[in-house]
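Student: One structure, as structure tokens, below. Some questions next.
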Amino acid sequence: MDLFSAIDTEPVRQRMEQLAAELDRLNHEYYMNDRSLVSDEEFDRMMRELQDLERQYPELASPLSPTKRVGGEVNRSFRQVEHRFPMLSLGNTYSIEEIEDFEARTRKLLDGTPFSYTCELKYDGVAIGLTYRHGRLVQAVTRGNGTVGDDITTNAKTIPTIPLTLRGDYPDDFEARGEVVYPFDAFEAMNRQREAEGDEPFANPRNAASGSLKLQDSAECAKRKLMFCMYFMMGPDEAALPDTHAGRLEWARQMGFKVQPYIQECKDIHEIKAFIDHWDRARFDLPFGIDGIVIKVNQTPLWDRLGLTAKSPRWAIAFKFKAERVSTPLESISYQVGRTGIVTPVANLSPVWLGGTTVRRATLVNADFIRKMDICVGDHLLIEKGGEIIPKVVGVDMERRQPGAMPVQYVTRCPECGTPLVRLEGEAGSYCPNSDGCHPQIIGRLEHFVGRKAMDIESLGPERLELLYSAGLVHNVADLYDLRREQLIGLGADATIQDRSADNLLAAIEASKQVPFERVVFALGIRYVGEVGAKKLARYFKNMDALMAATADELAQVEDVGEVTARAVSEWFAAPEHRQIVERLRAAGLQMSGQWAAAGGVLDGMTLVVSGVFDHFSRDEIKADIERHGGKVSGSVSGKTSFLVAGDKMGPEKRQKAVKLGVQIITEQQYLDMVNGQA
Ligand code: IVH
């Protein structure tokens with residue numbers, strides 16, 4: 001830069017710095033101290049001004065600018081990075097006796113040295129580590145398998161409670177660890193919006209937090225209103241940090257981290273128990289989820305003396321809360337009929353407050369479940385909600401059972417069409433066999449067929465399908481491909497389908513003919529054949545003719561296809577009306593074979609090394625799986641290795657070698673995504 005342009009841009013640089021500092025201050029006051037110092041409009045105006053300047057003068061933009069909070073950068077993939085310090089987990093227990101043992105053992109090991117404990121909340125979210133150098137955030141990494149995690153820095157920058165630059169005094173180089181949690185109110189609002197937009201809601205705030213950190217679009221992550229709760233500080237130079245855990249967290253708070261105030265120094269087991277007791281009840285008033293209490297030795301110089309066990313430190317332990325349980329009257333049972341005719345009983349409960357939400361309904365699964373639980377008319381049911389947000393019926397509150405209560409009589413006829421229900425041998429559920437005449441089944445099948453994960457005919461929502469069905473135009477999925485423009489125009493109560501929407505609809509139907517074969521298999525809606533099962537069947541048989549001709553025994557050879565599914569598939573294809581539908585779909589031009597028909601597996605020509613312990617597979621299973629997909633398995637890392645699949649407790653030599661040779665290290669999940677075609 002020459003002298004003149006340096007002078008030219010100086011006022012701009014100053015203005016940008018001033019805006020950044022002011023926005024940082026306002027953010028801090030808002031998120032850390034709950035104080036709003038300016039109106040939202042004023043805040044947005046400043047943010048926009050800074051964004052505009054950064055666009056005009058990109059060379060002056062800071063990578064830690066508060067504009068990063070809004071996101072906008074796209075994560076192409078999440079680079080795998082090795083943790084500088086392994087991310088250990090904690091020993092955990094549900095039993096107070098084990099906490100007493102932990103306390104007694106610690107006291108004994110420390111042999112008269114004075115010390116204390118800290119008790120704090122065990123946040124139910126996703127663990128991440130943040131590296132700060134010279135007071136600036138340089139990297140954010142998920143826990144991963146403890147050794148290697150995903151670099152999620154861009155998304156982490158959008159979380160307002162993660163400081164981008166630190167205030168006051170700070171160690172020159174350290175890592176801040178904590179949990180990214182999804183506060184309940186933001187979680188529920190986001191899930192409601194997802195449902196409104198036809199997206200699958202997240203099962204619980206933890207999954208939602210984890211999914212949000214992996215979003216490709218950081219602007220989307222910025223909208224998620226995640227929160228970071230810091231719980232740990234470490235660094236290459238321990239002497240640069242305070243010598244108590246509580247002192248470290250207090251310092252972190254002054255640097256600008258969100259450190260929850262619920263941390264207490266406890267001198268003995270009585271105080272620890274009192275803390276646990278308090279939070280076992282008070283946890284339901286928190287705006288975010290916790291699943292226990294973490295107890296740590298407060299004096300950090302004692303940590304070394306206590307040392308580590310195989311995978312967790314001996315100076316800390318987690319006490320986990322049991323799932324919360326309530327008892328509430330069963331008011332009635334509804335029976336829902338799904339697209340495959342399966343009947344699901346649902347308990348209508350007297351509304352009850354449980355773990356942050358009101359519960360009104362819970363599934364009773366099937367007739368067997370009701371019988372095994374011995375549920376009687378007028379019973380109070382015990383409902384539990386653990387980490388999962390979905391409430392479960394776990395039993396009957398026997399103390400409140402009425403004398404002479406009669407067992408629930410399960411329906412024998414379809415609640416929708418009156419047909420006697422059928423129960424197949426070896427299957428727990430009963431179903432309505434009237435697949436062609438039972439309304440929820442007909443509409444359900446059509447809805448499934450056009451769904452996003454199936455044929456993805458977006459313009460056909462449930463209402464339109466009802467409309468086409470009641471107009472007598474569409475009774476089964478093949479009828480969709482016979483629709484003509486003139487049949488559509490003027491349909492609907494106020495003739496809602498006009499030229500444009502008729503054309504759009506026909507175009508969407510036409511486009512669905514390009515949907516790959518595996519999704520066509522899924523779209524057929526065969527009982528028990530989910531997205532993954534359909535993919536496996538499609539890849540194994542490669543085309544519709546082979547799939548249709550397969551016997552139940554042959555079908556059961558396919559990985560993840562059990563006997564019950566195999567039988568359902570062969571019976572489905574045995575029915576002449578189904579064969580006829582398939583033939584009509586074929587004639588319409590849908591994909592009836594996969595492009596891997598000629599090629600081998602996805603790992604053709606690759607050599608993989610596996611190391612450590614896996615969640616989905618045993619060692620032998622993952623090796624067999626690699627070979628099934630065309631890959632070779634080797635015992636040691638070399639220049640020819642395509643991937644090192646890293647499990648938990650992977651040996652350090654393999655990792656070092658892979659890093660040295662530039663071999664890509666992938667997690668088990670990435671492996672699964674790769675062979676299942678998502679990578
Ligand atoms: S301390 C070496 N403190 O629980 C000790 N962990 O197995 C590091 N967690 O994955 C952990 N709240 O993500 C600590 N207040 C807290 C915590 C906490 C939640 C998570 C953590 C870890 C797991 C322990």
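Each chain in the structure tokens gets a letter, A, B, ..., in the order shown, and its residues are numbered from 1; ligands are numbered from 1 in order too.
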Which residues sit within 7 Å of ligand 1, counting only C-alpha atoms and all ligand atoms, listed as a list of chain:residue names?

Tutor: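 Written in the requested form, the residues are A:Met87, A:Leu88, A:Ser89, A:Leu90, A:Gly91, A:Glu120, A:Leu121, A:Lys122, A:Tyr123, A:Asp124, A:Val126, A:Ala127, A:Gly178, A:Glu179, A:Tyr231, A:Phe232, A:Val294, A:Ser312, A:Pro313, A:Ala316, A:Ala318.
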
Student: If we count only C-alpha atoms and set the cut-off at 7 Å, which residues sit around Ile383 of chain A, ignoring sequence neighbours fewer than 2 positions away in its own chain? Please answer as JSON, numbers by chain.

Tutor: {"A": [325, 326, 327, 381, 385, 391, 392, 393, 394]}

Student: Keeping only N, CA and C atoms, write those residues as a PDB file, in the first residue's frame.

Tutor:
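Dumped to out_38.pdb:
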```
ATOM      1  N   ARG A 325     -40.133 -38.114  36.103  1.00  0.00           N
ATOM      2  CA  ARG A 325     -41.287 -38.982  35.917  1.00  0.00           C
ATOM      3  C   ARG A 325     -42.510 -38.349  36.579  1.00  0.00           C
ATOM      4  N   VAL A 326     -43.638 -38.355  35.903  1.00  0.00           N
ATOM      5  CA  VAL A 326     -44.878 -37.871  36.526  1.00  0.00           C
ATOM      6  C   VAL A 326     -45.979 -38.899  36.306  1.00  0.00           C
ATOM      7  N   SER A 327     -47.018 -38.759  37.098  1.00  0.00           N
ATOM      8  CA  SER A 327     -48.164 -39.653  36.992  1.00  0.00           C
ATOM      9  C   SER A 327     -49.350 -38.798  36.571  1.00  0.00           C
ATOM     10  N   LEU A 381     -51.067 -43.046  34.309  1.00  0.00           N
ATOM     11  CA  LEU A 381     -49.856 -43.574  33.672  1.00  0.00           C
ATOM     12  C   LEU A 381     -48.626 -42.818  34.155  1.00  0.00           C
ATOM     13  N   LYS A 385     -39.477 -38.346  30.816  1.00  0.00           N
ATOM     14  CA  LYS A 385     -38.806 -37.626  29.753  1.00  0.00           C
ATOM     15  C   LYS A 385     -37.351 -37.537  30.153  1.00  0.00           C
ATOM     16  N   PRO A 391     -41.951 -37.586  25.238  1.00  0.00           N
ATOM     17  CA  PRO A 391     -42.304 -38.276  26.478  1.00  0.00           C
ATOM     18  C   PRO A 391     -42.650 -39.739  26.230  1.00  0.00           C
ATOM     19  N   LYS A 392     -42.309 -40.576  27.202  1.00  0.00           N
ATOM     20  CA  LYS A 392     -42.558 -42.009  27.043  1.00  0.00           C
ATOM     21  C   LYS A 392     -43.424 -42.514  28.183  1.00  0.00           C
ATOM     22  N   VAL A 393     -44.325 -43.450  27.854  1.00  0.00           N
ATOM     23  CA  VAL A 393     -45.094 -44.108  28.910  1.00  0.00           C
ATOM     24  C   VAL A 393     -44.212 -45.225  29.447  1.00  0.00           C
ATOM     25  N   VAL A 394     -43.929 -45.198  30.758  1.00  0.00           N
ATOM     26  CA  VAL A 394     -43.029 -46.224  31.289  1.00  0.00           C
ATOM     27  C   VAL A 394     -43.740 -47.190  32.234  1.00  0.00           C
TER      28      VAL A 394
END
```

Student: Using the chain letters and numbers from this document, which residues of segment 466-581 of chain A does DSSP assign to helix (DSSP H, G or I), as a VMD selection string?

Tutor: chain A and resid 466 to 470 477 to 482 485 to 488 499 to 514 517 to 523 531 to 541 544 to 549 552 to 555 563 to 574 576 to 581

Student: Segment 50-63 of chain A: which residues within 8 Å, counting only C-alpha atoms, same-chain residues fewer than 6 positions away excluded, as a ChimeraX atom specification?

Tutor: /A:12-13,16,19-20

Student: Grab the residues selected above and save them as a PDB file, in the first residue's frame with N, CA, C and O atoms.

Tutor:
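Result file part.pdb:
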```pdb
ATOM      1  N   VAL A  12     -11.655   5.616   7.195  1.00  0.00           N
ATOM      2  CA  VAL A  12     -12.554   4.470   7.052  1.00  0.00           C
ATOM      3  C   VAL A  12     -12.190   3.411   8.085  1.00  0.00           C
ATOM      4  O   VAL A  12     -13.043   2.848   8.771  1.00  0.00           O
ATOM      5  N   ARG A  13     -10.885   3.157   8.174  1.00  0.00           N
ATOM      6  CA  ARG A  13     -10.436   2.138   9.115  1.00  0.00           C
ATOM      7  C   ARG A  13     -10.861   2.503  10.534  1.00  0.00           C
ATOM      8  O   ARG A  13     -11.333   1.679  11.298  1.00  0.00           O
ATOM      9  N   MET A  16     -14.524   1.913  10.991  1.00  0.00           N
ATOM     10  CA  MET A  16     -14.828   0.485  11.110  1.00  0.00           C
ATOM     11  C   MET A  16     -14.458  -0.024  12.497  1.00  0.00           C
ATOM     12  O   MET A  16     -15.193  -0.780  13.119  1.00  0.00           O
ATOM     13  N   LEU A  19     -17.053   1.237  14.951  1.00  0.00           N
ATOM     14  CA  LEU A  19     -18.318   0.489  14.855  1.00  0.00           C
ATOM     15  C   LEU A  19     -18.164  -0.904  15.473  1.00  0.00           C
ATOM     16  O   LEU A  19     -19.025  -1.359  16.232  1.00  0.00           O
ATOM     17  N   ALA A  20     -17.037  -1.552  15.154  1.00  0.00           N
ATOM     18  CA  ALA A  20     -16.824  -2.909  15.661  1.00  0.00           C
ATOM     19  C   ALA A  20     -16.783  -2.897  17.187  1.00  0.00           C
ATOM     20  O   ALA A  20     -17.409  -3.729  17.846  1.00  0.00           O
TER      21      ALA A  20
END
```

Student: Could you list, with a cut-off of 6 Å and counting only C-alpha atoms, the residues of segment 203-276 of chain A near segment 161-166 of chain A, each shown with its nearest atom pair and the distance in Å rounded to one decimal, rows sorted by chain and ascending number, as a Markdown table?

Tutor:
```
| residue | atom | partner | partner_atom | distance |
| --- | --- | --- | --- | --- |
| A:Met227 | CA | A:Thr161 | CA | 5.9 |
| A:Phe228 | CA | A:Thr161 | CA | 5.6 |
| A:Met255 | CA | A:Leu166 | CA | 5.2 |
| A:Lys258 | CA | A:Thr161 | CA | 5.8 |
```

Student: Find the spatial neighbours of Val520 of chain A, counting only C-alpha atoms, within a cut-off of 9 Å - ignore same-chain residues fewer than 3 positions away - and output them as a PyMOL selection string.

Tutor: chain A and resi 449+454-455+515-517+523-524+534+590-592

Student: Would you give me, as a VMD selection string, the residues in segment 280-421 of chain A that DSSP reads as strand (DSSP E)?

Tutor: chain A and resid 290 to 297 316 to 320 324 to 337 343 to 354 357 to 363 380 to 385 392 to 396

Student: Which is closer to Ala21 of chain A than all the others in A:Met46, A:Val352, A:Ala240, A:Ile443, using only C-alpha atoms?

Tutor: A:Met46

Student: What's the 12 Å shell around Glu197 of chain A, counting only C-alpha atoms, without same-chain residues fewer than 5 positions away, as a list in words?

Tutor: Met190, Asn191, Arg192, Arg452, Glu458 and Gly461 of chain A

Student: Atoms to include: N, CA, C and O atoms. Write the selected residues as a PDB file, in the first residue's frame.

Tutor:
```pdb
ATOM      1  N   MET A 190     -37.994 -22.743  17.002  1.00  0.00           N
ATOM      2  CA  MET A 190     -37.372 -23.229  15.771  1.00  0.00           C
ATOM      3  C   MET A 190     -38.087 -24.484  15.279  1.00  0.00           C
ATOM      4  O   MET A 190     -38.367 -24.637  14.098  1.00  0.00           O
ATOM      5  N   ASN A 191     -38.418 -25.365  16.193  1.00  0.00           N
ATOM      6  CA  ASN A 191     -39.105 -26.599  15.795  1.00  0.00           C
ATOM      7  C   ASN A 191     -40.495 -26.301  15.232  1.00  0.00           C
ATOM      8  O   ASN A 191     -40.922 -26.930  14.273  1.00  0.00           O
ATOM      9  N   ARG A 192     -41.191 -25.339  15.827  1.00  0.00           N
ATOM     10  CA  ARG A 192     -42.528 -24.984  15.312  1.00  0.00           C
ATOM     11  C   ARG A 192     -42.401 -24.481  13.885  1.00  0.00           C
ATOM     12  O   ARG A 192     -43.176 -24.823  13.015  1.00  0.00           O
ATOM     13  N   ARG A 452     -40.525 -35.294   0.376  1.00  0.00           N
ATOM     14  CA  ARG A 452     -39.221 -34.775  -0.026  1.00  0.00           C
ATOM     15  C   ARG A 452     -38.166 -35.856  -0.177  1.00  0.00           C
ATOM     16  O   ARG A 452     -37.322 -35.793  -1.055  1.00  0.00           O
ATOM     17  N   GLU A 458     -42.951 -31.254  -4.866  1.00  0.00           N
ATOM     18  CA  GLU A 458     -43.180 -30.273  -3.823  1.00  0.00           C
ATOM     19  C   GLU A 458     -44.567 -29.648  -3.856  1.00  0.00           C
ATOM     20  O   GLU A 458     -45.186 -29.424  -2.830  1.00  0.00           O
ATOM     21  N   GLY A 461     -49.195 -30.804  -1.730  1.00  0.00           N
ATOM     22  CA  GLY A 461     -49.356 -30.942  -0.279  1.00  0.00           C
ATOM     23  C   GLY A 461     -50.558 -31.832   0.016  1.00  0.00           C
ATOM     24  O   GLY A 461     -51.275 -32.246  -0.900  1.00  0.00           O
TER      25      GLY A 461
END
```

Student: Considering only C-alpha atoms, return as a ChimeraX atom specification whatever protein or nucleic-acid residues lie within 12 Å of Leu130 of chain A, sequence-local ones (same chain, fewer than 3 positions apart) excluded.

Tutor: /A:83-85,87,127,133,135-143,149-154,156-157,162-165,173-180,228-235,257

Student: Just want the 8 Å neighbourhood of Val74 of chain A, counted on only C-alpha atoms, with same-chain residues fewer than 6 positions away dropped. Output as a list in words.

Tutor: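 These residues fall inside the cut-off: Gln216, Asp217 and Ser218 of chain A.
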
Student: Between A:Lys632, A:Arg305, A:Arg579, A:Arg69, single out the one closest to Met548 of chain A, counting only C-alpha atoms.

Tutor: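 Among the listed residues, the smallest separation from Met548 of chain A belongs to A:Arg579.
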